[in-house]
Amino acid sequence: MTASLAVFFALAALAVIGAVSLIVQKHPIHSALSLIVVMIALAGLYLLLGAEFVAAVQIIVYGGAIMVLFVFVIMLLNAGVEEHTSISKMAGAPGLLLVVALAGFVAATIARSTESVETTLETGEIASTLGISNMIFKEFVYPFELTSFLILVAVLGATVLAQREKS
Amino acid sequence: MVPTNYYVILSAILFGLGVLAFIFKRNIITIFMSIELMLNAVNLAFVAFSQALGKLDGQVFVLFVIVVAAAEAAVGLGIIILIARSRQTLNVERVDLLKL
């Protein structure tokens with residue numbers, strides 16, 4: 001087993017354990033911390049894939065901004081331990097059936113397409129950050145400008161939603 | 001080198017766990033976090049295929065997905081704050097009326 005494979009399995013195990021912990025934990029703040037573990041593990045996997053810019057953005061935006069927002073909202077709302085209710089029975093057997101069907105479909109698709117994707121190239125062949133900046137500001141410049149508009153709308157929407165109604 | 005299949009399988013596992021959390025959790029904030037988990041799983045598949053095919057389009061798409069996730073988190077958490085303020089609960093099963 002090569003070193004990169006060992007690192008992959010360590011990070012993959014960390015990510016899966018974090019995701020399982022997200023489901024098992026009862027308190028939302030524990031779930032949020034588990035999700036941060038998943039995101040850090042995924043950033044390590046991006047580094048392993050040679051996508052260092054995506055790894056940095058993952059840590060800064062997901063780990064730094066989005067999860068802080070989540071933790072902040074959990075503390076602001078003083079969210080306690082999840083209460084157990086079963087008002088709707090939808091989440092029981094049909095939900096599990098849906099998940100099993102989805103997992104089976106995904107596994108079958110992956111098993112069928114084993115040979116269609118060639119094995120990975122050598123890491124570091126493409127200067128990824130330089131290449132990404134070239135693509136964003138040349139080929140994808142209109143979608144990139146549209147995302148700024150999207151963020152503007154999101155900021156306005158969040159401001160309108162969060163302000164108290166005057167009555 | 002790690003085969004691309006391993007990354008895709010890990011991505012599928014994480015996506016499945018996200019769906020599981022989405023269906024079985026009751027707290028609206030945790031449900032929102034499971035959506036973020038699913039987005040992260042898809043991002044991993046994007047980067048893995050980008051590396052496997054030697055093209056950077058996948059990584060650019062991951063950046064767009066992260067931007068959309070940030071916008072979604074801002075608006076979604078605003079909605080959650082509104083729901084918590086008007087219903088005094090975060091349990092999705094107790095939020096079953098369109099009109100208060």
# chains A, B, ... in the order shown; residues from 1 in each chain; ligands from 1
call {"tool": "residues_around", "arguments": {"residues": "stretch 106-112 of chain A", "least_positions_apart": "5", "cutoff": "12 Å", "atoms": "only C-alpha atoms", "output": "short mmCIF file (atom, residue, chain, number, x, y, z; two decimals) with C-alpha atoms, in the first residue's frame"}}
result
data_model
loop_
_atom_site.label_atom_id
_atom_site.label_comp_id
_atom_site.auth_asym_id
_atom_site.auth_seq_id
_atom_site.Cartn_x
_atom_site.Cartn_y
_atom_site.Cartn_z
CA VAL A 99 -32.17 5.36 0.96
CA VAL A 100 -31.50 1.68 0.23
CA ALA A 101 -32.81 2.07 -3.31
CA VAL A 117 -12.80 6.31 -16.20
CA THR B 4 -10.68 7.57 -9.15
CA ASN B 5 -13.22 4.89 -8.28
CA TYR B 6 -12.32 5.16 -4.61
CA TYR B 7 -13.12 8.85 -4.59
CA VAL B 8 -16.42 8.31 -6.40
CA ILE B 9 -17.41 5.54 -3.99
CA LEU B 10 -16.54 7.74 -0.99
CA SER B 11 -18.58 10.51 -2.57
CA ALA B 12 -21.56 8.16 -2.98
CA ILE B 13 -21.25 7.00 0.64
CA LEU B 14 -21.19 10.58 1.93
CA PHE B 15 -24.15 11.51 -0.28
CA GLY B 16 -26.11 8.52 1.03
CA ALA B 45 -16.85 13.73 -7.18
#
call {"tool": "interface_residues", "arguments": {"of": "chain A", "to": "chain B", "cutoff": "7 Å", "atoms": "only C-alpha atoms", "output": "NGL selection string"}}
result
:A and (4-5 or 12 or 16 or 19-20 or 23 or 28 or 31 or 49 or 54 or 66 or 82 or 87 or 91 or 95 or 99 or 103 or 106 or 118-121 or 131-132 or 136 or 151 or 154 or 157-158 or 161-162)
call {"tool": "write_last_selection", "arguments": {"atoms": "N, CA and C atoms", "output": "short mmCIF file (atom, residue, chain, number, x, y, z; two decimals), in the first residue's frame"}}
result
data_model
loop_
_atom_site.label_atom_id
_atom_site.label_comp_id
_atom_site.auth_asym_id
_atom_site.auth_seq_id
_atom_site.Cartn_x
_atom_site.Cartn_y
_atom_site.Cartn_z
N SER A 4 0.15 7.49 -0.48
CA SER A 4 -1.04 8.28 -0.82
C SER A 4 -2.31 7.48 -0.57
N LEU A 5 -2.23 6.15 -0.79
CA LEU A 5 -3.41 5.32 -0.53
C LEU A 5 -3.72 5.29 0.96
N ALA A 12 -10.63 9.31 4.33
CA ALA A 12 -11.96 8.80 4.00
C ALA A 12 -12.65 8.28 5.25
N VAL A 16 -16.17 9.65 6.79
CA VAL A 16 -17.35 8.81 7.00
C VAL A 16 -17.73 8.80 8.48
N ALA A 19 -19.55 11.94 9.17
CA ALA A 19 -20.90 11.95 8.62
C ALA A 19 -21.84 11.09 9.45
N VAL A 20 -21.33 9.92 9.91
CA VAL A 20 -22.16 9.07 10.77
C VAL A 20 -22.45 9.78 12.09
N ILE A 23 -25.29 12.11 12.02
CA ILE A 23 -26.62 11.50 12.14
C ILE A 23 -26.88 11.07 13.57
N PRO A 28 -27.73 19.62 18.14
CA PRO A 28 -27.32 20.21 16.86
C PRO A 28 -25.88 20.74 16.87
N SER A 31 -23.66 17.95 16.03
CA SER A 31 -23.76 17.65 14.60
C SER A 31 -22.94 18.64 13.79
N LEU A 49 -5.69 15.26 -4.12
CA LEU A 49 -6.02 15.25 -5.53
C LEU A 49 -5.26 16.31 -6.31
N VAL A 54 -8.90 24.68 -4.37
CA VAL A 54 -10.21 24.24 -3.88
C VAL A 54 -10.12 23.86 -2.40
N ILE A 66 -19.32 29.33 6.53
CA ILE A 66 -20.66 28.73 6.59
C ILE A 66 -20.89 28.05 7.93
N GLU A 82 -32.47 17.40 20.34
CA GLU A 82 -33.54 17.08 19.42
C GLU A 82 -34.62 16.27 20.11
N ILE A 87 -44.90 12.22 14.51
CA ILE A 87 -46.22 12.66 14.09
C ILE A 87 -46.51 12.13 12.69
N ALA A 91 -41.17 9.05 7.71
CA ALA A 91 -39.72 8.91 7.82
C ALA A 91 -39.28 7.49 8.15
N GLY A 95 -38.82 5.86 4.09
CA GLY A 95 -37.59 6.63 4.00
C GLY A 95 -36.38 5.72 3.89
N VAL A 99 -33.63 5.28 0.83
CA VAL A 99 -32.17 5.36 0.96
C VAL A 99 -31.51 4.11 0.41
N ALA A 103 -28.90 3.98 -2.63
CA ALA A 103 -27.55 3.42 -2.46
C ALA A 103 -27.31 2.30 -3.45
N VAL A 106 -26.75 3.81 -6.92
CA VAL A 106 -25.42 4.42 -7.05
C VAL A 106 -24.35 3.35 -7.13
N GLU A 118 -10.49 6.41 -16.89
CA GLU A 118 -9.11 5.96 -16.85
C GLU A 118 -8.48 6.36 -15.52
N THR A 119 -7.41 5.68 -15.17
CA THR A 119 -6.77 5.95 -13.89
C THR A 119 -6.18 7.35 -13.88
N THR A 120 -5.93 7.84 -12.67
CA THR A 120 -5.58 9.25 -12.52
C THR A 120 -4.22 9.55 -13.11
N LEU A 121 -4.08 10.79 -13.55
CA LEU A 121 -2.79 11.26 -14.04
C LEU A 121 -1.88 11.51 -12.84
N GLY A 131 -4.40 27.69 -13.59
CA GLY A 131 -5.37 27.24 -14.58
C GLY A 131 -6.78 27.65 -14.20
N ILE A 132 -7.12 27.53 -12.89
CA ILE A 132 -8.47 27.89 -12.45
C ILE A 132 -8.71 29.38 -12.67
N ILE A 136 -11.68 30.91 -14.85
CA ILE A 136 -12.74 31.74 -14.28
C ILE A 136 -12.84 33.07 -15.01
N ILE A 151 -24.99 36.55 -4.98
CA ILE A 151 -24.63 36.85 -3.60
C ILE A 151 -25.29 38.14 -3.14
N ALA A 154 -28.75 37.30 -2.28
CA ALA A 154 -28.79 36.53 -1.03
C ALA A 154 -28.61 37.45 0.17
N GLY A 157 -31.84 39.31 0.61
CA GLY A 157 -32.86 38.42 1.13
C GLY A 157 -32.67 38.12 2.60
N ALA A 158 -31.42 37.84 2.98
CA ALA A 158 -31.15 37.53 4.38
C ALA A 158 -31.44 38.73 5.27
N LEU A 161 -35.23 39.08 5.57
CA LEU A 161 -35.83 38.02 6.37
C LEU A 161 -35.52 38.22 7.85
N ALA A 162 -34.32 38.68 8.16
CA ALA A 162 -33.89 38.68 9.56
C ALA A 162 -34.39 39.90 10.33
#
call {"tool": "atom_distance", "arguments": {"atom1": "atom CA of A:Ser21", "atom2": "atom CA of B:Val95"}}
result
25.6 Å
call {"tool": "closest_residue", "arguments": {"among": "B:Leu97, B:Ile83, B:Val42, B:Val65", "to": "A:Tyr62", "atoms": "only C-alpha atoms"}}
result
B:Val65
call {"tool": "atom_distance", "arguments": {"atom1": "atom CA of A:Leu152", "atom2": "atom CA of A:Leu69"}}
result
17.5 Å
